[in-house]
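As provided, data31.txt (compact mmCIF, C-alpha atoms) reads as follows.
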```txt
# COMPACT_ATOMS: atom_id res chain seq x y z
CA MET A 1 0.00 0.00 0.00
CA GLY A 2 2.99 2.33 -0.20
CA LYS A 3 3.33 4.29 2.98
CA GLN A 4 2.12 2.17 5.89
CA VAL A 5 -0.25 4.80 7.23
CA SER A 6 -3.98 4.92 7.87
CA LYS A 7 -4.58 8.40 6.42
CA CYS A 8 -4.94 9.41 2.78
CA THR A 9 -4.96 12.91 1.29
CA ILE A 10 -6.64 13.55 -2.06
CA VAL A 11 -5.94 16.78 -3.93
CA SER A 12 -8.59 17.62 -6.51
CA GLY A 13 -8.29 19.92 -9.48
CA SER A 14 -10.76 22.65 -8.55
CA PRO A 15 -9.86 26.09 -9.95
CA MET A 16 -10.40 27.37 -6.40
CA ASN A 17 -7.10 25.85 -5.32
CA ASP A 18 -4.71 27.59 -2.94
CA VAL A 19 -1.10 26.46 -3.03
CA GLU A 20 -0.12 28.25 0.19
CA PHE A 21 -3.05 26.75 2.11
CA LEU A 22 -2.24 23.27 0.81
CA ALA A 23 1.43 23.52 1.76
CA ASP A 24 0.46 24.66 5.27
CA LYS A 25 -2.37 22.20 5.97
CA ILE A 26 -1.55 18.96 4.17
CA ASP A 27 -0.38 15.98 6.22
CA ASN A 28 2.89 15.12 4.49
CA ASN A 29 2.98 11.78 6.31
CA SER A 30 -0.27 10.68 4.67
CA PHE A 31 -0.61 8.73 1.42
CA ILE A 32 -1.15 11.48 -1.17
CA ILE A 33 -3.31 11.00 -4.25
CA ALA A 34 -3.63 13.63 -6.99
CA ALA A 35 -6.98 13.66 -8.78
CA ASP A 36 -6.13 14.51 -12.39
CA SER A 37 -4.91 18.15 -12.56
CA GLY A 38 -4.56 18.17 -8.78
CA TYR A 39 -0.98 17.05 -9.45
CA THR A 40 -0.18 20.55 -10.79
CA VAL A 41 -1.19 22.11 -7.46
CA LEU A 42 0.93 19.59 -5.58
CA ASN A 43 3.84 20.34 -7.90
CA LYS A 44 3.55 24.08 -7.22
CA ALA A 45 3.51 23.33 -3.48
CA GLY A 46 6.63 21.17 -3.83
CA ILE A 47 4.79 18.04 -2.70
CA LYS A 48 5.26 14.68 -4.41
CA PRO A 49 2.16 12.49 -4.73
CA ASP A 50 2.23 8.74 -4.13
CA LEU A 51 -0.44 8.13 -6.76
CA ILE A 52 -2.03 10.10 -9.61
CA ILE A 53 -5.46 9.13 -10.98
CA GLY A 54 -7.21 10.85 -13.87
CA ASP A 55 -8.39 10.80 -17.46
CA PHE A 56 -6.22 13.83 -18.32
CA ASP A 57 -8.78 15.14 -20.80
CA SER A 58 -8.23 18.74 -19.67
CA SER A 59 -4.59 18.49 -18.56
CA PRO A 60 -1.56 16.62 -19.91
CA LYS A 61 -0.64 13.25 -18.45
CA PRO A 62 2.19 13.96 -16.00
CA ASN A 63 5.67 12.60 -16.36
CA ALA A 64 5.96 11.75 -12.68
CA ASP A 65 8.00 9.25 -10.68
CA CYS A 66 5.01 7.62 -8.99
CA GLU A 67 2.15 5.25 -9.69
CA ILE A 68 -0.30 6.60 -12.30
CA ILE A 69 -3.74 5.21 -13.09
CA VAL A 70 -5.13 6.49 -16.40
CA LEU A 71 -8.91 6.50 -16.73
CA ASN A 72 -11.11 6.44 -19.80
CA PRO A 73 -12.65 9.93 -20.22
CA GLU A 74 -15.99 8.22 -20.90
CA LYS A 75 -16.62 6.94 -17.39
CA ALA A 76 -19.33 6.69 -14.76
CA TYR A 77 -17.49 8.38 -11.88
CA THR A 78 -15.60 11.62 -11.44
CA ASP A 79 -11.82 11.60 -11.02
CA THR A 80 -12.16 12.62 -7.38
CA PHE A 81 -14.70 9.89 -6.57
CA THR A 82 -12.48 7.34 -8.31
CA CYS A 83 -9.64 8.48 -6.02
CA VAL A 84 -11.92 8.07 -3.00
CA ARG A 85 -12.93 4.57 -4.09
CA GLU A 86 -9.27 3.67 -4.57
CA ALA A 87 -8.38 5.01 -1.11
CA VAL A 88 -11.20 3.01 0.48
CA LYS A 89 -10.11 -0.06 -1.48
CA ARG A 90 -6.59 0.37 -0.06
CA GLU A 91 -8.15 0.41 3.44
CA PHE A 92 -7.30 3.94 4.53
CA LYS A 93 -9.48 4.91 7.49
CA GLN A 94 -9.18 8.68 7.19
CA ILE A 95 -9.37 10.79 4.03
CA ASP A 96 -8.85 14.52 3.59
CA ILE A 97 -9.96 15.95 0.23
CA PHE A 98 -8.51 19.33 -0.72
CA PHE A 99 -10.06 21.67 -3.30
CA ALA A 100 -13.23 19.69 -3.99
CA ILE A 101 -15.42 22.82 -3.87
CA GLY A 102 -15.23 24.78 -7.09
CA THR A 103 -17.11 26.93 -9.56
CA ARG A 104 -19.29 24.10 -10.88
CA PHE A 105 -22.07 23.11 -8.49
CA ASP A 106 -22.52 19.68 -10.09
CA HIS A 107 -18.89 18.79 -9.41
CA THR A 108 -19.10 20.22 -5.89
CA TYR A 109 -22.25 18.25 -5.08
CA ALA A 110 -20.75 15.06 -6.51
CA ASN A 111 -17.75 15.55 -4.22
CA VAL A 112 -20.01 16.11 -1.19
CA LEU A 113 -21.56 12.72 -1.95
CA CYS A 114 -18.09 11.21 -1.45
CA LEU A 115 -18.57 11.92 2.26
CA ASP A 116 -21.56 9.57 2.32
CA TYR A 117 -19.68 6.84 0.45
CA CYS A 118 -16.87 7.03 2.99
CA LEU A 119 -19.24 7.01 5.96
CA LYS A 120 -20.92 3.86 4.64
CA HIS A 121 -17.48 2.21 4.42
CA GLY A 122 -16.39 3.24 7.93
CA VAL A 123 -14.00 5.94 6.72
CA ASP A 124 -13.72 9.41 8.27
CA CYS A 125 -13.72 11.87 5.35
CA THR A 126 -13.39 15.66 5.29
CA ILE A 127 -13.47 18.15 2.42
CA ILE A 128 -11.13 21.07 3.08
CA ASP A 129 -10.16 24.42 1.65
CA ARG A 130 -9.35 27.84 3.07
CA HIS A 131 -13.00 28.89 3.25
CA ASN A 132 -14.81 25.64 3.98
CA ARG A 133 -14.54 22.35 5.83
CA LEU A 134 -17.29 19.78 5.21
CA SER A 135 -17.90 16.54 7.09
CA LEU A 136 -20.71 14.27 8.23
CA ILE A 137 -21.82 13.62 11.79
CA GLU A 138 -23.22 10.25 12.77
CA LYS A 139 -23.88 10.02 16.53
CA SER A 140 -21.38 12.66 17.76
CA LYS A 141 -18.51 14.93 16.74
CA THR A 142 -16.36 17.47 18.58
CA PHE A 143 -14.64 20.14 16.50
CA ASN A 144 -12.53 23.18 17.28
CA LYS A 145 -12.71 26.82 16.26
CA GLU A 146 -10.63 26.77 13.08
CA TYR A 147 -13.41 28.37 11.03
CA ASP A 148 -15.54 31.38 11.92
CA ASN A 149 -19.00 29.85 11.43
CA PHE A 150 -20.69 26.50 11.18
CA SER A 151 -24.03 25.24 9.91
CA LEU A 152 -25.83 21.92 10.27
CA PHE A 153 -28.17 20.28 7.76
CA ALA A 154 -30.06 17.00 7.77
CA PHE A 155 -28.26 14.89 5.17
CA MET A 156 -30.28 12.54 2.95
CA GLY A 157 -33.06 12.21 5.51
CA GLU A 158 -34.59 13.38 8.76
CA CYS A 159 -32.45 13.85 11.88
CA LYS A 160 -33.79 13.35 15.39
CA GLY A 161 -32.49 14.50 18.77
CA VAL A 162 -29.79 16.96 17.70
CA ALA A 163 -27.90 18.52 20.62
CA ILE A 164 -25.38 21.36 20.25
CA LYS A 165 -22.98 22.16 23.10
CA GLY A 166 -20.37 24.92 23.09
CA ALA A 167 -22.01 27.11 20.45
CA TYR A 168 -23.70 30.48 20.74
CA TYR A 169 -27.00 29.02 19.49
CA ASP A 170 -28.17 25.69 20.87
CA ALA A 171 -31.57 24.05 21.12
CA GLY A 172 -32.43 26.50 23.88
CA PHE A 173 -32.73 29.19 21.21
CA TYR A 174 -35.97 27.42 20.24
CA SER A 175 -36.88 26.73 23.89
CA LEU A 176 -36.04 23.07 23.37
CA GLN A 177 -33.48 20.63 24.76
CA LYS A 178 -32.90 18.92 21.41
CA LEU A 179 -33.79 19.63 17.81
CA ASP A 180 -35.31 17.57 15.02
CA PHE A 181 -34.30 18.46 11.46
CA LYS A 182 -36.12 17.85 8.21
CA PRO A 183 -33.91 17.72 5.07
CA TRP A 184 -35.19 21.15 4.02
CA ASP A 185 -34.71 22.85 7.41
CA GLN A 186 -32.32 25.77 7.81
CA ILE A 187 -32.74 26.16 11.56
CA ALA A 188 -29.04 25.61 12.35
CA ASN A 189 -27.50 27.89 9.76
CA SER A 190 -24.70 30.40 10.57
CA ASN A 191 -23.87 29.42 14.14
CA TYR A 192 -20.50 29.90 15.81
CA ILE A 193 -18.46 28.32 18.58
CA ASP A 194 -18.76 30.21 21.85
CA GLY A 195 -15.51 28.92 23.37
CA GLU A 196 -12.73 26.71 22.00
CA GLU A 197 -14.73 23.73 20.77
CA CYS A 198 -18.22 22.50 20.06
CA THR A 199 -19.85 19.08 20.36
CA VAL A 200 -22.79 18.09 18.16
CA SER A 201 -24.67 14.85 18.68
CA VAL A 202 -27.60 13.28 16.85
CA GLU A 203 -29.73 10.37 18.06
CA LYS A 204 -30.99 9.34 14.61
CA GLY A 205 -29.88 10.33 11.13
CA ILE A 206 -26.80 11.98 9.63
CA LEU A 207 -25.88 15.66 9.77
CA LEU A 208 -23.83 17.61 7.26
CA LEU A 209 -21.46 19.93 9.13
CA ALA A 210 -20.35 22.93 7.08
CA GLU A 211 -17.65 25.07 8.73
CA SER A 212 -16.98 28.30 6.87
CA ASN A 213 -14.99 31.50 6.70
CA ASP A 214 -16.28 34.56 4.83
```
Would you kindly transcribe this structure into C-alpha cells?
Amino acid sequence: MGKQVSKCTIVSGSPMNDVEFLADKIDNNSFIIAADSGYTVLNKAGIKPDLIIGDFDSSPKPNADCEIIVLNPEKAYTDTFTCVREAVKREFKQIDIFFAIGTRFDHTYANVLCLDYCLKHGVDCTIIDRHNRLSLIEKSKTFNKEYDNFSLFAFMGECKGVAIKGAYYDAGFYSLQKLDFKPWDQIANSNYIDGEECTVSVEKGILLLAESND
C-alpha cells in the first residue's frame, strides 16, 4: 500500500485551489493522491504524490515518478470519486480531500456525496479548503474553532435529537433541549463556537457539518 499509514490525502483539481493553504495544511505523512490536474497544485507546493489518478482530458498526463492510473474519459465516476474509491479499497481509514469545492455546483455536489460513500465504508472523510470544511456527523462529533462559522443540515433524511454544546446558538434558542431536522430545514444555519470547541450529537440520522470563513 505504499506508505504504511492509515490516512490518505486527495488533492482535486478545482480552480479554487490555494497552493499556500495546501502547503500549510496537508499531512505530508499521509498517502497522497492527486486527482487529475490536482498534481499541478501539488507540484507548485513542492509536494510529491504517491499516486495520480485521472483521465487527463483537460490536462496533460504527468511525467511523474510515482504510480499513475489512467482512466477512460468516458466513465461513470468523477476523477475525485475514483480516487476516494481507490483510497477506500486500499483500506485507509481517514481521508482529507482538498479543493473539492469549485465553480461548478454539479462537481461540488458530486464531491459532497463522497462523504456519504466514505461514511458507509467506515471511513472518516473531510473536504477542506481555506474557506470551507465539510464533514458528516453520525452520533457525535467534537470540532474546534478553526473556522468562523458552522451550519448543520439533515443529510439525505430526517435527523432526530440533535444537541449542540459549546455554540452560541443551541436548542435553547428554540426553547427546546434537542432539535429535530427535516432535510429542508435551515434552523441551524450560521452558528459559531462560543468557546474553544463544540460538540454536536444526533440520536438518529446523519448531519452535514459545514464550517466556513467569509
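Closest approach to A:Arg130 among A:Phe155, A:Tyr192, A:Phe56, A:Phe98 is made by A:Phe98 (distances from only C-alpha atoms).
Among the candidates A:Glu203, A:Asp27, A:Glu74, A:Asp116, the one nearest to A:Lys160 when counting only C-alpha atoms is A:Glu203.
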- Task: Would you list the residues near (-11.2, 5.2, -23.0) (no more than 12 Å away, in the coordinates of the file, using only C-alpha atoms) as a PyMOL selection string?
- Result: chain A and resi 54-57+70-76
- Message: My list of candidates is A:Lys145, A:Lys182, A:His107, A:Lys48. Which is closest to A:Asp79 when distances are computed with only C-alpha atoms?
- Response: A:His107
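The nearest approach to A:Met16 among the residues A:Asn63, A:Asn43, A:Thr103, A:Ser37, with all atoms listed in the file taken into account, belongs to A:Thr103.
The closest residue to A:Leu51, picked from A:Asp214, A:Glu86, A:Glu20, A:Asp194 and counting all atoms listed in the file, is A:Glu86.
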- Counting all atoms listed in the file, what is within 9 Å of A:Phe150, bar same-chain residues fewer than 6 positions away, as a PyMOL selection string? chain A and resi 188-193+209-213
Hey, could you patch up stretch 165-190 of chain A with N, CA and C atoms and hand it over as a compact mmCIF listing (two decimals), in the coordinates of the input?
```txt
# COMPACT_ATOMS: atom_id res chain seq x y z
N LYS A 165 -23.60 21.65 21.87
CA LYS A 165 -22.98 22.16 23.10
C LYS A 165 -21.70 22.92 22.76
N GLY A 166 -21.56 24.12 23.31
CA GLY A 166 -20.37 24.92 23.09
C GLY A 166 -20.53 25.95 22.00
N ALA A 167 -21.75 26.12 21.49
CA ALA A 167 -22.01 27.11 20.45
C ALA A 167 -22.88 28.23 21.01
N TYR A 168 -22.89 29.35 20.30
CA TYR A 168 -23.70 30.48 20.74
C TYR A 168 -25.19 30.12 20.69
N TYR A 169 -25.61 29.46 19.62
CA TYR A 169 -27.00 29.02 19.49
C TYR A 169 -27.08 27.51 19.72
N ASP A 170 -27.90 27.11 20.67
CA ASP A 170 -28.17 25.69 20.87
C ASP A 170 -29.68 25.48 20.80
N ALA A 171 -30.13 24.31 21.20
CA ALA A 171 -31.57 24.05 21.12
C ALA A 171 -32.39 24.99 21.99
N GLY A 172 -31.74 25.56 23.01
CA GLY A 172 -32.43 26.50 23.88
C GLY A 172 -32.90 27.75 23.16
N PHE A 173 -32.29 28.06 22.02
CA PHE A 173 -32.73 29.19 21.21
C PHE A 173 -34.18 29.01 20.77
N TYR A 174 -34.59 27.75 20.61
CA TYR A 174 -35.97 27.42 20.24
C TYR A 174 -36.77 26.92 21.44
N SER A 175 -36.24 27.18 22.64
CA SER A 175 -36.88 26.73 23.89
C SER A 175 -37.04 25.22 23.93
N LEU A 176 -36.04 24.52 23.40
CA LEU A 176 -36.04 23.07 23.37
C LEU A 176 -34.73 22.54 23.95
N GLN A 177 -34.71 21.27 24.32
CA GLN A 177 -33.48 20.63 24.76
C GLN A 177 -32.73 20.01 23.60
N LYS A 178 -33.48 19.52 22.61
CA LYS A 178 -32.90 18.92 21.41
C LYS A 178 -33.73 19.32 20.20
N LEU A 179 -33.13 19.23 19.04
CA LEU A 179 -33.79 19.63 17.81
C LEU A 179 -34.01 18.45 16.88
N ASP A 180 -35.08 18.51 16.11
CA ASP A 180 -35.31 17.57 15.02
C ASP A 180 -35.23 18.34 13.71
N PHE A 181 -34.50 17.78 12.74
CA PHE A 181 -34.30 18.46 11.46
C PHE A 181 -34.98 17.68 10.34
N LYS A 182 -35.69 18.39 9.49
CA LYS A 182 -36.12 17.85 8.21
C LYS A 182 -35.02 18.19 7.18
N PRO A 183 -34.97 17.45 6.06
CA PRO A 183 -33.91 17.72 5.07
C PRO A 183 -33.94 19.14 4.51
N TRP A 184 -35.08 19.79 4.56
CA TRP A 184 -35.19 21.15 4.02
C TRP A 184 -35.02 22.24 5.08
N ASP A 185 -34.82 21.86 6.33
CA ASP A 185 -34.71 22.85 7.41
C ASP A 185 -33.40 23.64 7.34
N GLN A 186 -33.50 24.90 7.73
CA GLN A 186 -32.32 25.77 7.81
C GLN A 186 -32.19 26.37 9.21
N ILE A 187 -32.65 25.63 10.20
CA ILE A 187 -32.74 26.16 11.56
C ILE A 187 -31.40 26.19 12.28
N ALA A 188 -30.37 25.60 11.70
CA ALA A 188 -29.04 25.61 12.35
C ALA A 188 -28.00 26.20 11.40
N ASN A 189 -28.40 27.23 10.70
CA ASN A 189 -27.50 27.89 9.76
C ASN A 189 -26.78 29.06 10.43
N SER A 190 -25.50 29.24 10.11
CA SER A 190 -24.70 30.40 10.57
C SER A 190 -24.62 30.50 12.09
```
